[in-house]
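What's in data-v2.cif: mmCIF, C-alpha atoms and all ligand atoms
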data_run
#
loop_
_atom_site.group_PDB
_atom_site.id
_atom_site.type_symbol
_atom_site.label_atom_id
_atom_site.label_comp_id
_atom_site.auth_asym_id
_atom_site.auth_seq_id
_atom_site.Cartn_x
_atom_site.Cartn_y
_atom_site.Cartn_z
ATOM 1 C CA MET F 1 99.252 98.983 124.034
ATOM 2 C CA LYS F 2 98.282 100.663 120.769
ATOM 3 C CA LEU F 3 95.616 98.251 119.472
ATOM 4 C CA THR F 4 93.692 97.170 122.567
ATOM 5 C CA ASN F 5 90.177 95.912 121.686
ATOM 6 C CA ARG F 6 90.824 96.092 117.949
ATOM 7 C CA VAL F 7 90.159 93.155 115.625
ATOM 8 C CA ALA F 8 92.763 92.773 112.876
ATOM 9 C CA LEU F 9 92.416 90.543 109.821
ATOM 10 C CA ILE F 10 95.642 89.813 107.973
ATOM 11 C CA THR F 11 95.627 88.002 104.633
ATOM 12 C CA GLY F 12 98.681 85.924 103.836
ATOM 13 C CA GLY F 13 99.366 85.871 107.557
ATOM 14 C CA GLY F 14 101.055 82.460 107.551
ATOM 15 C CA ARG F 15 104.602 83.559 106.803
ATOM 16 C CA GLY F 16 106.828 86.462 105.823
ATOM 17 C CA ILE F 17 105.482 90.006 106.111
ATOM 18 C CA GLY F 18 101.945 88.936 107.060
ATOM 19 C CA ARG F 19 103.197 86.805 109.931
ATOM 20 C CA ALA F 20 105.377 89.658 111.247
ATOM 21 C CA ILE F 21 102.391 92.030 111.118
ATOM 22 C CA ALA F 22 100.135 89.520 112.918
ATOM 23 C CA LEU F 23 102.687 89.063 115.718
ATOM 24 C CA ALA F 24 103.319 92.820 116.032
ATOM 25 C CA PHE F 25 99.586 93.650 116.187
ATOM 26 C CA ALA F 26 98.957 90.885 118.745
ATOM 27 C CA ARG F 27 101.704 92.296 120.995
ATOM 28 C CA GLU F 28 99.811 95.614 120.918
ATOM 29 C CA GLY F 29 96.596 93.951 122.087
ATOM 30 C CA ALA F 30 94.625 93.298 118.885
ATOM 31 C CA ARG F 31 92.627 90.115 118.407
ATOM 32 C CA ILE F 32 93.998 88.507 115.273
ATOM 33 C CA ALA F 33 92.591 86.571 112.320
ATOM 34 C CA VAL F 34 95.119 85.207 109.844
ATOM 35 C CA LEU F 35 94.035 83.902 106.432
ATOM 36 C CA ALA F 36 95.887 82.006 103.690
ATOM 37 C CA ARG F 37 95.594 78.936 101.474
ATOM 38 C CA THR F 38 98.101 76.893 103.502
ATOM 39 C CA THR F 39 96.079 76.126 106.617
ATOM 40 C CA GLU F 40 99.010 74.679 108.605
ATOM 41 C CA GLN F 41 100.960 77.944 108.379
ATOM 42 C CA VAL F 42 98.117 80.219 109.501
ATOM 43 C CA ALA F 43 97.145 77.710 112.208
ATOM 44 C CA GLN F 44 100.723 77.832 113.485
ATOM 45 C CA VAL F 45 100.772 81.650 113.595
ATOM 46 C CA ALA F 46 97.413 81.748 115.436
ATOM 47 C CA ALA F 47 98.695 79.110 117.901
ATOM 48 C CA GLU F 48 101.924 81.085 118.414
ATOM 49 C CA ILE F 49 99.905 84.210 119.259
ATOM 50 C CA GLU F 50 97.552 82.365 121.607
ATOM 51 C CA SER F 51 100.497 80.653 123.330
ATOM 52 C CA GLU F 52 101.722 84.101 124.408
ATOM 53 C CA GLY F 53 98.419 84.224 126.282
ATOM 54 C CA ALA F 54 97.512 87.894 125.904
ATOM 55 C CA VAL F 55 95.051 87.932 122.983
ATOM 56 C CA GLU F 56 92.743 85.631 121.044
ATOM 57 C CA ALA F 57 93.709 84.542 117.555
ATOM 58 C CA MET F 58 91.982 82.545 114.837
ATOM 59 C CA HIS F 59 92.908 81.265 111.419
ATOM 60 C CA ALA F 60 90.898 80.444 108.317
ATOM 61 C CA GLU F 61 91.699 78.868 104.998
ATOM 62 C CA CYS F 62 91.120 81.402 102.254
ATOM 63 C CA ASP F 63 92.083 81.952 98.650
ATOM 64 C CA VAL F 64 91.771 85.719 98.224
ATOM 65 C CA SER F 65 91.368 85.375 94.463
ATOM 66 C CA LEU F 66 88.021 83.596 94.939
ATOM 67 C CA LYS F 67 85.256 85.881 96.157
ATOM 68 C CA GLU F 68 83.208 83.064 97.706
ATOM 69 C CA SER F 69 86.262 81.967 99.679
ATOM 70 C CA VAL F 70 86.830 85.545 100.877
ATOM 71 C CA GLU F 71 83.194 86.062 101.841
ATOM 72 C CA HIS F 72 83.198 82.781 103.750
ATOM 73 C CA ALA F 73 86.448 83.564 105.595
ATOM 74 C CA VAL F 74 85.493 87.145 106.473
ATOM 75 C CA GLY F 75 82.107 85.782 107.622
ATOM 76 C CA SER F 76 83.886 83.385 109.984
ATOM 77 C CA VAL F 77 85.912 86.281 111.453
ATOM 78 C CA MET F 78 82.711 88.325 111.951
ATOM 79 C CA GLU F 79 81.116 85.316 113.638
ATOM 80 C CA ARG F 80 84.045 84.827 116.024
ATOM 81 C CA PHE F 81 85.004 88.442 116.820
ATOM 82 C CA GLY F 82 81.885 90.412 115.785
ATOM 83 C CA ARG F 83 83.715 92.914 113.596
ATOM 84 C CA VAL F 84 86.823 93.773 111.611
ATOM 85 C CA ASP F 85 88.579 97.028 112.557
ATOM 86 C CA ILE F 86 91.863 96.620 110.709
ATOM 87 C CA LEU F 87 92.282 94.851 107.380
ATOM 88 C CA VAL F 88 95.771 94.144 106.080
ATOM 89 C CA ASN F 89 95.672 93.075 102.432
ATOM 90 C CA ASN F 90 99.036 91.370 102.378
ATOM 91 C CA ALA F 91 98.449 88.115 100.424
ATOM 92 C CA GLY F 92 100.374 88.247 97.189
ATOM 93 C CA ILE F 93 102.517 86.465 94.643
ATOM 94 C CA ALA F 94 105.420 87.561 92.444
ATOM 95 C CA GLU F 95 106.583 85.753 89.325
ATOM 96 C CA SER F 96 108.667 87.059 86.470
ATOM 97 C CA ALA F 97 108.650 86.636 82.691
ATOM 98 C CA PRO F 98 109.374 88.797 79.669
ATOM 99 C CA LEU F 99 106.058 90.227 78.454
ATOM 100 C CA HIS F 100 106.101 88.322 75.167
ATOM 101 C CA ARG F 101 106.415 85.101 77.167
ATOM 102 C CA THR F 102 103.846 86.055 79.800
ATOM 103 C CA SER F 103 101.039 83.503 79.593
ATOM 104 C CA ASP F 104 97.391 84.371 80.189
ATOM 105 C CA GLU F 105 97.615 82.234 83.332
ATOM 106 C CA LEU F 106 100.599 84.136 84.795
ATOM 107 C CA TRP F 107 98.978 87.500 84.011
ATOM 108 C CA GLU F 108 95.593 86.485 85.435
ATOM 109 C CA ARG F 109 97.162 84.895 88.544
ATOM 110 C CA HIS F 110 98.750 88.243 89.469
ATOM 111 C CA ILE F 111 95.633 90.305 88.803
ATOM 112 C CA ASN F 112 93.374 87.769 90.520
ATOM 113 C CA ILE F 113 95.454 87.382 93.691
ATOM 114 C CA ASN F 114 97.207 90.736 94.126
ATOM 115 C CA LEU F 115 94.524 93.100 92.848
ATOM 116 C CA ASN F 116 91.168 91.295 92.836
ATOM 117 C CA GLY F 117 92.035 89.710 96.200
ATOM 118 C CA THR F 118 92.573 93.172 97.690
ATOM 119 C CA PHE F 119 89.231 94.295 96.248
ATOM 120 C CA TYR F 120 87.269 91.237 97.471
ATOM 121 C CA CYS F 121 88.699 91.398 100.999
ATOM 122 C CA THR F 122 88.183 95.145 101.297
ATOM 123 C CA ARG F 123 84.612 94.959 100.011
ATOM 124 C CA ALA F 124 83.838 92.195 102.497
ATOM 125 C CA ALA F 125 85.399 93.916 105.542
ATOM 126 C CA LEU F 126 84.490 97.557 104.899
ATOM 127 C CA PRO F 127 80.804 97.448 106.018
ATOM 128 C CA SER F 128 81.940 96.507 109.535
ATOM 129 C CA MET F 129 84.279 99.543 109.650
ATOM 130 C CA ILE F 130 81.604 101.884 108.279
ATOM 131 C CA GLU F 131 79.139 100.601 110.876
ATOM 132 C CA SER F 132 81.521 101.173 113.780
ATOM 133 C CA GLY F 133 82.782 104.513 112.429
ATOM 134 C CA TRP F 134 86.436 103.471 112.713
ATOM 135 C CA GLY F 135 88.678 101.446 110.470
ATOM 136 C CA ARG F 136 92.031 100.905 108.862
ATOM 137 C CA VAL F 137 92.764 99.346 105.480
ATOM 138 C CA ILE F 138 96.457 98.692 104.911
ATOM 139 C CA ASN F 139 97.434 97.352 101.515
ATOM 140 C CA ILE F 140 100.850 95.782 101.131
ATOM 141 C CA ALA F 141 101.697 96.929 97.618
ATOM 142 C CA SER F 142 105.339 97.276 96.519
ATOM 143 C CA ILE F 143 107.686 99.825 94.990
ATOM 144 C CA ALA F 144 106.494 97.992 91.855
ATOM 145 C CA GLY F 145 103.275 99.917 92.512
ATOM 146 C CA LYS F 146 105.199 103.169 91.939
ATOM 147 C CA THR F 147 107.747 102.344 89.252
ATOM 148 C CA GLY F 148 108.558 99.732 86.613
ATOM 149 C CA ALA F 149 111.212 97.081 86.095
ATOM 150 C CA ALA F 150 111.987 94.553 83.385
ATOM 151 C CA TYR F 151 110.285 91.131 83.385
ATOM 152 C CA ILE F 152 107.654 91.910 86.024
ATOM 153 C CA SER F 153 104.870 93.555 84.017
ATOM 154 C CA ALA F 154 102.095 91.407 85.519
ATOM 155 C CA TYR F 155 103.275 92.018 89.095
ATOM 156 C CA THR F 156 103.809 95.737 88.411
ATOM 157 C CA ALA F 157 100.381 96.149 86.818
ATOM 158 C CA SER F 158 98.706 94.420 89.772
ATOM 159 C CA LYS F 159 100.555 96.547 92.355
ATOM 160 C CA HIS F 160 99.892 99.830 90.471
ATOM 161 C CA GLY F 161 96.238 98.740 90.629
ATOM 162 C CA VAL F 162 96.483 98.284 94.390
ATOM 163 C CA VAL F 163 97.933 101.799 94.788
ATOM 164 C CA GLY F 164 95.118 103.242 92.644
ATOM 165 C CA LEU F 165 92.465 101.412 94.648
ATOM 166 C CA THR F 166 94.077 102.711 97.853
ATOM 167 C CA ARG F 167 93.972 106.342 96.734
ATOM 168 C CA SER F 168 90.348 106.313 95.554
ATOM 169 C CA LEU F 169 88.958 104.379 98.503
ATOM 170 C CA ALA F 170 90.817 106.663 100.918
ATOM 171 C CA MET F 171 88.894 109.647 99.501
ATOM 172 C CA GLU F 172 85.617 107.721 99.652
ATOM 173 C CA VAL F 173 85.788 106.808 103.351
ATOM 174 C CA ALA F 174 87.902 109.647 104.787
ATOM 175 C CA ALA F 175 84.948 111.231 106.588
ATOM 176 C CA LYS F 176 83.834 107.900 108.096
ATOM 177 C CA GLY F 177 86.746 107.457 110.503
ATOM 178 C CA ILE F 178 88.515 105.062 108.162
ATOM 179 C CA THR F 179 91.996 105.461 106.678
ATOM 180 C CA VAL F 180 93.270 103.564 103.654
ATOM 181 C CA ASN F 181 96.978 103.408 102.917
ATOM 182 C CA ALA F 182 99.459 101.304 101.009
ATOM 183 C CA ILE F 183 102.914 100.192 102.080
ATOM 184 C CA CYS F 184 105.401 99.880 99.228
ATOM 185 C CA PRO F 185 108.388 97.761 100.249
ATOM 186 C CA GLY F 186 111.516 97.125 98.234
ATOM 187 C CA TYR F 187 112.938 93.600 98.556
ATOM 188 C CA VAL F 188 112.086 92.112 101.964
ATOM 189 C CA GLU F 189 113.823 89.109 103.608
ATOM 190 C CA THR F 190 111.070 86.504 103.025
ATOM 191 C CA GLU F 191 110.437 83.390 100.953
ATOM 192 C CA MET F 192 109.406 85.688 98.092
ATOM 193 C CA ALA F 193 112.870 87.280 98.014
ATOM 194 C CA ALA F 194 114.475 83.825 98.380
ATOM 195 C CA HIS F 195 112.601 82.749 95.226
ATOM 196 C CA ALA F 196 113.821 85.874 93.414
ATOM 197 C CA ILE F 197 117.413 84.952 94.350
ATOM 198 C CA GLU F 198 116.852 81.360 93.187
ATOM 199 C CA ASN F 199 115.422 82.671 89.928
ATOM 200 C CA ILE F 200 118.457 84.878 89.277
ATOM 201 C CA THR F 201 120.854 81.998 89.936
ATOM 202 C CA THR F 202 118.913 79.684 87.582
ATOM 203 C CA LYS F 203 118.541 82.216 84.780
ATOM 204 C CA THR F 204 121.989 83.887 84.909
ATOM 205 C CA GLY F 205 124.301 81.249 86.380
ATOM 206 C CA LYS F 206 125.326 83.682 89.142
ATOM 207 C CA SER F 207 126.057 82.277 92.595
ATOM 208 C CA GLU F 208 123.570 82.745 95.423
ATOM 209 C CA THR F 209 125.846 85.347 97.032
ATOM 210 C CA GLU F 210 126.129 87.283 93.758
ATOM 211 C CA ALA F 211 122.350 87.147 93.265
ATOM 212 C CA ARG F 212 121.748 88.383 96.822
ATOM 213 C CA ASP F 213 124.270 91.192 96.261
ATOM 214 C CA MET F 214 122.272 92.237 93.178
ATOM 215 C CA LEU F 215 119.122 92.590 95.294
ATOM 216 C CA ASN F 216 121.034 94.364 98.091
ATOM 217 C CA ARG F 217 122.452 96.879 95.605
ATOM 218 C CA MET F 218 118.940 97.860 94.473
ATOM 219 C CA SER F 219 118.705 99.742 97.774
ATOM 220 C CA PRO F 220 120.983 102.716 98.555
ATOM 221 C CA GLN F 221 121.258 101.098 101.996
ATOM 222 C CA ASN F 222 122.715 98.015 100.274
ATOM 223 C CA ARG F 223 120.437 95.606 102.145
ATOM 224 C CA LEU F 224 117.035 93.966 102.162
ATOM 225 C CA VAL F 225 114.260 95.301 104.396
ATOM 226 C CA THR F 226 113.135 93.008 107.245
ATOM 227 C CA PRO F 227 109.498 91.887 107.740
ATOM 228 C CA GLU F 228 109.634 93.493 111.204
ATOM 229 C CA GLU F 229 110.398 96.914 109.673
ATOM 230 C CA VAL F 230 107.312 96.576 107.454
ATOM 231 C CA ALA F 231 105.272 95.500 110.513
ATOM 232 C CA ALA F 232 106.414 98.600 112.437
ATOM 233 C CA LEU F 233 105.103 100.850 109.648
ATOM 234 C CA ALA F 234 101.841 98.868 109.478
ATOM 235 C CA LEU F 235 101.466 99.340 113.246
ATOM 236 C CA LEU F 236 101.832 103.106 112.900
ATOM 237 C CA LEU F 237 99.131 103.149 110.204
ATOM 238 C CA ALA F 238 96.838 100.882 112.264
ATOM 239 C CA SER F 239 97.151 102.848 115.507
ATOM 240 C CA GLU F 240 95.607 106.154 116.623
ATOM 241 C CA ASP F 241 99.020 107.751 116.073
ATOM 242 C CA GLY F 242 98.557 107.211 112.327
ATOM 243 C CA ARG F 243 95.040 108.644 112.031
ATOM 244 C CA GLY F 244 96.155 111.619 109.917
ATOM 245 C CA ILE F 245 97.879 109.465 107.316
ATOM 246 C CA ASN F 246 95.378 108.678 104.563
ATOM 247 C CA GLY F 247 95.543 107.808 100.873
ATOM 248 C CA GLN F 248 99.320 107.420 100.987
ATOM 249 C CA ALA F 249 101.544 104.834 99.385
ATOM 250 C CA ILE F 250 104.612 104.819 101.624
ATOM 251 C CA ASN F 251 107.886 103.401 100.352
ATOM 252 C CA ILE F 252 110.036 101.315 102.682
ATOM 253 C CA ASP F 253 112.974 100.516 100.478
ATOM 254 C CA GLY F 254 116.034 102.306 101.799
ATOM 255 C CA GLY F 255 115.424 105.131 99.340
ATOM 256 C CA SER F 256 115.584 103.302 96.012
ATOM 257 C CA VAL F 257 112.376 104.975 94.769
ATOM 258 C CA LEU F 258 111.997 108.677 95.568
ATOM 259 C CA SER F 259 108.329 109.258 94.785
HETATM 260 P P1 LIG N 301 105.528 85.195 101.116
HETATM 261 O O1 LIG N 301 106.505 84.898 102.178
HETATM 262 O O2 LIG N 301 105.525 84.402 99.866
HETATM 263 O O3 LIG N 301 104.062 85.175 101.764
HETATM 264 C C1 LIG N 301 102.939 85.411 100.974
HETATM 265 C C2 LIG N 301 101.705 85.135 101.788
HETATM 266 O O4 LIG N 301 100.556 85.372 100.945
HETATM 267 C C3 LIG N 301 101.634 83.692 102.245
HETATM 268 O O5 LIG N 301 101.059 83.612 103.520
HETATM 269 C C4 LIG N 301 100.715 83.065 101.207
HETATM 270 O O6 LIG N 301 100.071 81.925 101.751
HETATM 271 C C5 LIG N 301 99.753 84.203 100.958
HETATM 272 N N1 LIG N 301 99.030 84.049 99.688
HETATM 273 C C6 LIG N 301 99.536 83.965 98.437
HETATM 274 N N2 LIG N 301 98.542 83.761 97.556
HETATM 275 C C7 LIG N 301 97.384 83.727 98.263
HETATM 276 C C8 LIG N 301 96.028 83.547 97.928
HETATM 277 N N3 LIG N 301 95.633 83.338 96.657
HETATM 278 N N4 LIG N 301 95.102 83.574 98.907
HETATM 279 C C9 LIG N 301 95.477 83.759 100.200
HETATM 280 N N5 LIG N 301 96.746 83.930 100.592
HETATM 281 C C10 LIG N 301 97.696 83.916 99.618
HETATM 282 O O7 LIG N 301 105.651 86.714 100.639
HETATM 283 P P2 LIG N 301 105.971 88.075 101.424
HETATM 284 O O8 LIG N 301 107.290 88.524 100.971
HETATM 285 O O9 LIG N 301 105.665 87.965 102.865
HETATM 286 O O10 LIG N 301 104.895 89.013 100.681
HETATM 287 C C11 LIG N 301 103.777 89.584 101.302
HETATM 288 C C12 LIG N 301 103.298 90.763 100.466
HETATM 289 O O11 LIG N 301 104.347 91.729 100.376
HETATM 290 C C13 LIG N 301 102.929 90.419 99.019
HETATM 291 O O12 LIG N 301 101.759 91.123 98.658
HETATM 292 C C14 LIG N 301 104.106 90.910 98.242
HETATM 293 O O13 LIG N 301 103.781 91.247 96.900
HETATM 294 C C15 LIG N 301 104.532 92.110 99.043
HETATM 295 N N6 LIG N 301 105.926 92.480 98.834
HETATM 296 C C16 LIG N 301 106.940 91.610 99.114
HETATM 297 C C17 LIG N 301 108.247 91.978 98.851
HETATM 298 C C18 LIG N 301 109.413 91.052 99.118
HETATM 299 O O14 LIG N 301 110.514 91.345 98.639
HETATM 300 N N7 LIG N 301 109.260 89.991 99.878
HETATM 301 C C19 LIG N 301 108.526 93.257 98.331
HETATM 302 C C20 LIG N 301 107.463 94.117 98.070
HETATM 303 C C21 LIG N 301 106.176 93.726 98.322
HETATM 304 P P3 LIG N 301 99.568 80.677 100.858
HETATM 305 O O15 LIG N 301 100.550 80.511 99.736
HETATM 306 O O16 LIG N 301 99.540 79.592 101.854
HETATM 307 O O17 LIG N 301 98.205 81.060 100.387
#
Starting from the coordinates I provided, produce the structure as structure tokens.
Amino acid sequence: MKLTNRVALITGGGRGIGRAIALAFAREGARIAVLARTTEQVAQVAAEIESEGAVEAMHAECDVSLKESVEHAVGSVMERFGRVDILVNNAGIAESAPLHRTSDELWERHININLNGTFYCTRAALPSMIESGWGRVINIASIAGKTGAAYISAYTASKHGVVGLTRSLAMEVAAKGITVNAICPGYVETEMAAHAIENITTKTGKSETEARDMLNRMSPQNRLVTPEEVAALALLLASEDGRGINGQAINIDGGSVLS
């Protein structure tokens, strides 16, 4: 077991990548807290973990874009488990629009959830890691944090921000036993990718199969990544095995972005 006695907090842990990470960490012995706005989904993931019987799990309603909500939720995790050892900033949204049709609301939604949410959660959880002298911050960014693509300026700007935050914070806490890294996936088989496919079919008239093929072809492996593959990388970063990896933004995209 690679995470025995660790406490892991995963934002957006109700479905998709966050859910896969929560389940993977629980199987390695970590106590789990999953946070999201949709209480039923995080409650279900916590119940699923507890039903396996090995570790404790809790859920809390949280909107990561609201600092009071974050402080309240992180406070409830501290109350239940006494500390946070591993923070996975996974909660995120992705919407597309040409820049000249990007509304203030769409822009601010991306910055508030993807970037400010990562900042609020990290600021709230970090003191516990500094106090214990051990910690892991894992930010689920995107290859959109490394490169650009048409119609996703707001998403790309927010994810570049997450990569920048990762690099600076990693330098700040490197000597305190804490590592800070980002994971940069290409398209992953989740609801988010399903929405992207739906969007392509609506906007271009392509069939669902054609739209999926378009996403597949963005990877040299001609496929989408699975949430479990992202969870396996997160587990490496969270475990002792990953202690030398710090300040990195690691692509998991079949090789579509080579930097
Ligand atoms: P998903 O299936 O849509 O899940 C997103 C999760 O984030 C949900 O649990 C959602 O729960 C939560 N969330 C969204 N807004 C939130 C908020 N304001 N406060 C708290 N929780 C919030 O998406 P996913 O594919 O698993 O994505 C997870 C992360 O991976 C995101 O950061 C995304 O940008 C990144 N990523 C995904 C892909 C991909 O192709 N799927 C590729 C690269 C990077 P509620 O809506 O209930 O709050």
What does the PyMOL selection byres (((chain F and resi 6) around 10) and not hetatm) select in this file, as a PyMOL selection string? chain F and resi 2-5+7-9+25-26+28-32+81+83-86+135+238-239
Taking the file as shown, what set of residues would the PyMOL selection byres (((chain F and resi 226) around 6) and not hetatm) give back, as a ChimeraX atom specification? /F:188-189,225,227-229
For Thr166 of chain F, the closest of F:Asn246, F:Ser256, F:Ser103, F:Thr201 counting all atoms listed in the file is F:Asn246
Just want the residues within 8 Å of ligand LIG 301 (chain N), written as an MDAnalysis selection string, counting only C-alpha atoms and all ligand atoms. chainID F and resid 11:19 35:39 41:42 61:66 89:94 112:114 117 140:144 155 159 184:193 224:225 227
May I ask for the distance between atom CA of Val137 of chain F and atom CA of Val230 of chain F, given in Å to one decimal place?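 That distance, rounded to one decimal, is 14.9 Å.
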Closest to Ala249 of chain F among F:Ser207, F:Asn139, F:Thr156, F:Gln221, using all atoms listed in the file?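 Smallest separation from Ala249 of chain F among the options: F:Asn139.
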Find the smallest box with edges along x, y and z containing every listed atom of segment 185-196 of chain F, then add 5 Å on each side and report centre and edge lengths in Å to one decimal, as AutoDock Vina command-line options.
--center_x 111.4 --center_y 90.3 --center_z 98.5 --size_x 16.1 --size_y 25.0 --size_z 20.2
Taking the file as shown, find all residues satisfying the PyMOL selection byres (((chain F and resi 164) around 12) and not hetatm) and write them as a ChimeraX atom specification. /F:115,118-119,139,141,145-146,157-163,165-171,180-182,247-249
Any idea what's packed within 7 Å of segment 73-75 of chain F, counting all atoms listed in the file, ignoring anything in its chain fewer than 5 positions away? Could you give it as a PyMOL selection string? chain F and resi 60+62+124-125
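Distance check against Val45 of chain F using all atoms listed in the file: of F:Glu208, F:Arg136, F:Glu108, F:Ala22, the minimum falls on F:Ala22.
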Gap from atom CA of Ala20 of chain F to atom CA of Leu87 of chain F - Å, one decimal: 14.6 Å
Which one is closest to Val173 of chain F: F:Ala211, F:Met218, F:Met129, F:Ile49? Count all atoms listed in the file. F:Met129
With distances taken over all atoms listed in the file, which residue among F:Leu106, F:Ala97, F:Met1, F:Ala194 lies nearest Val55 of chain F?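 Closest to Val55 of chain F of all the choices is F:Met1.
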Rounded to one decimal in Å, what is the spacing between atom CA of Glu50 of chain F and atom CA of Ile130 of chain F?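 These atoms are spaced 28.5 Å apart.
For the choices F:Ala174, F:Ala231, F:Ala57, F:Ile200, the atom-to-atom distance to Gly244 of chain F is smallest for F:Ala174 when using only C-alpha atoms.
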Pick out the residues sitting within 9 Å of Ala150 of chain F, and hand them over as a PyMOL selection string; count all atoms listed in the file, and ignore anything fewer than 3 positions along from it in its own chain. chain F and resi 96-99+153
Using the atoms already present, construct N, CA, C and O atoms for segment 32-43 of chain F and hand them back as a PDB file, in the coordinates of the input.
ATOM      1  N   ILE F  32      93.425  88.712 116.604  1.00  0.00           N
ATOM      2  CA  ILE F  32      93.998  88.507 115.273  1.00  0.00           C
ATOM      3  C   ILE F  32      93.291  87.390 114.518  1.00  0.00           C
ATOM      4  O   ILE F  32      93.048  86.307 115.066  1.00  0.00           O
ATOM      5  N   ALA F  33      93.021  87.637 113.237  1.00  0.00           N
ATOM      6  CA  ALA F  33      92.591  86.571 112.320  1.00  0.00           C
ATOM      7  C   ALA F  33      93.586  86.527 111.168  1.00  0.00           C
ATOM      8  O   ALA F  33      93.830  87.552 110.523  1.00  0.00           O
ATOM      9  N   VAL F  34      94.175  85.359 110.953  1.00  0.00           N
ATOM     10  CA  VAL F  34      95.119  85.207 109.844  1.00  0.00           C
ATOM     11  C   VAL F  34      94.530  84.252 108.806  1.00  0.00           C
ATOM     12  O   VAL F  34      94.016  83.186 109.143  1.00  0.00           O
ATOM     13  N   LEU F  35      94.627  84.658 107.539  1.00  0.00           N
ATOM     14  CA  LEU F  35      94.035  83.902 106.432  1.00  0.00           C
ATOM     15  C   LEU F  35      95.103  83.565 105.401  1.00  0.00           C
ATOM     16  O   LEU F  35      95.973  84.406 105.122  1.00  0.00           O
ATOM     17  N   ALA F  36      95.038  82.379 104.826  1.00  0.00           N
ATOM     18  CA  ALA F  36      95.887  82.006 103.690  1.00  0.00           C
ATOM     19  C   ALA F  36      95.382  80.684 103.138  1.00  0.00           C
ATOM     20  O   ALA F  36      94.479  80.066 103.719  1.00  0.00           O
ATOM     21  N   ARG F  37      96.001  80.233 102.044  1.00  0.00           N
ATOM     22  CA  ARG F  37      95.594  78.936 101.474  1.00  0.00           C
ATOM     23  C   ARG F  37      96.213  77.787 102.255  1.00  0.00           C
ATOM     24  O   ARG F  37      95.601  76.736 102.391  1.00  0.00           O
ATOM     25  N   THR F  38      97.423  77.971 102.770  1.00  0.00           N
ATOM     26  CA  THR F  38      98.101  76.893 103.502  1.00  0.00           C
ATOM     27  C   THR F  38      97.669  76.934 104.970  1.00  0.00           C
ATOM     28  O   THR F  38      98.206  77.704 105.776  1.00  0.00           O
ATOM     29  N   THR F  39      96.695  76.074 105.287  1.00  0.00           N
ATOM     30  CA  THR F  39      96.079  76.126 106.617  1.00  0.00           C
ATOM     31  C   THR F  39      97.100  75.919 107.739  1.00  0.00           C
ATOM     32  O   THR F  39      97.029  76.593 108.767  1.00  0.00           O
ATOM     33  N   GLU F  40      98.058  74.980 107.524  1.00  0.00           N
ATOM     34  CA  GLU F  40      99.010  74.679 108.605  1.00  0.00           C
ATOM     35  C   GLU F  40      99.780  75.932 109.020  1.00  0.00           C
ATOM     36  O   GLU F  40     100.057  76.127 110.204  1.00  0.00           O
ATOM     37  N   GLN F  41     100.153  76.765 108.039  1.00  0.00           N
ATOM     38  CA  GLN F  41     100.960  77.944 108.379  1.00  0.00           C
ATOM     39  C   GLN F  41     100.155  78.970 109.178  1.00  0.00           C
ATOM     40  O   GLN F  41     100.635  79.500 110.175  1.00  0.00           O
ATOM     41  N   VAL F  42      98.902  79.230 108.743  1.00  0.00           N
ATOM     42  CA  VAL F  42      98.117  80.219 109.501  1.00  0.00           C
ATOM     43  C   VAL F  42      97.716  79.661 110.865  1.00  0.00           C
ATOM     44  O   VAL F  42      97.650  80.399 111.854  1.00  0.00           O
ATOM     45  N   ALA F  43      97.485  78.331 110.914  1.00  0.00           N
ATOM     46  CA  ALA F  43      97.145  77.710 112.208  1.00  0.00           C
ATOM     47  C   ALA F  43      98.317  77.870 113.174  1.00  0.00           C
ATOM     48  O   ALA F  43      98.136  78.165 114.364  1.00  0.00           O
TER      49      ALA F  43
END
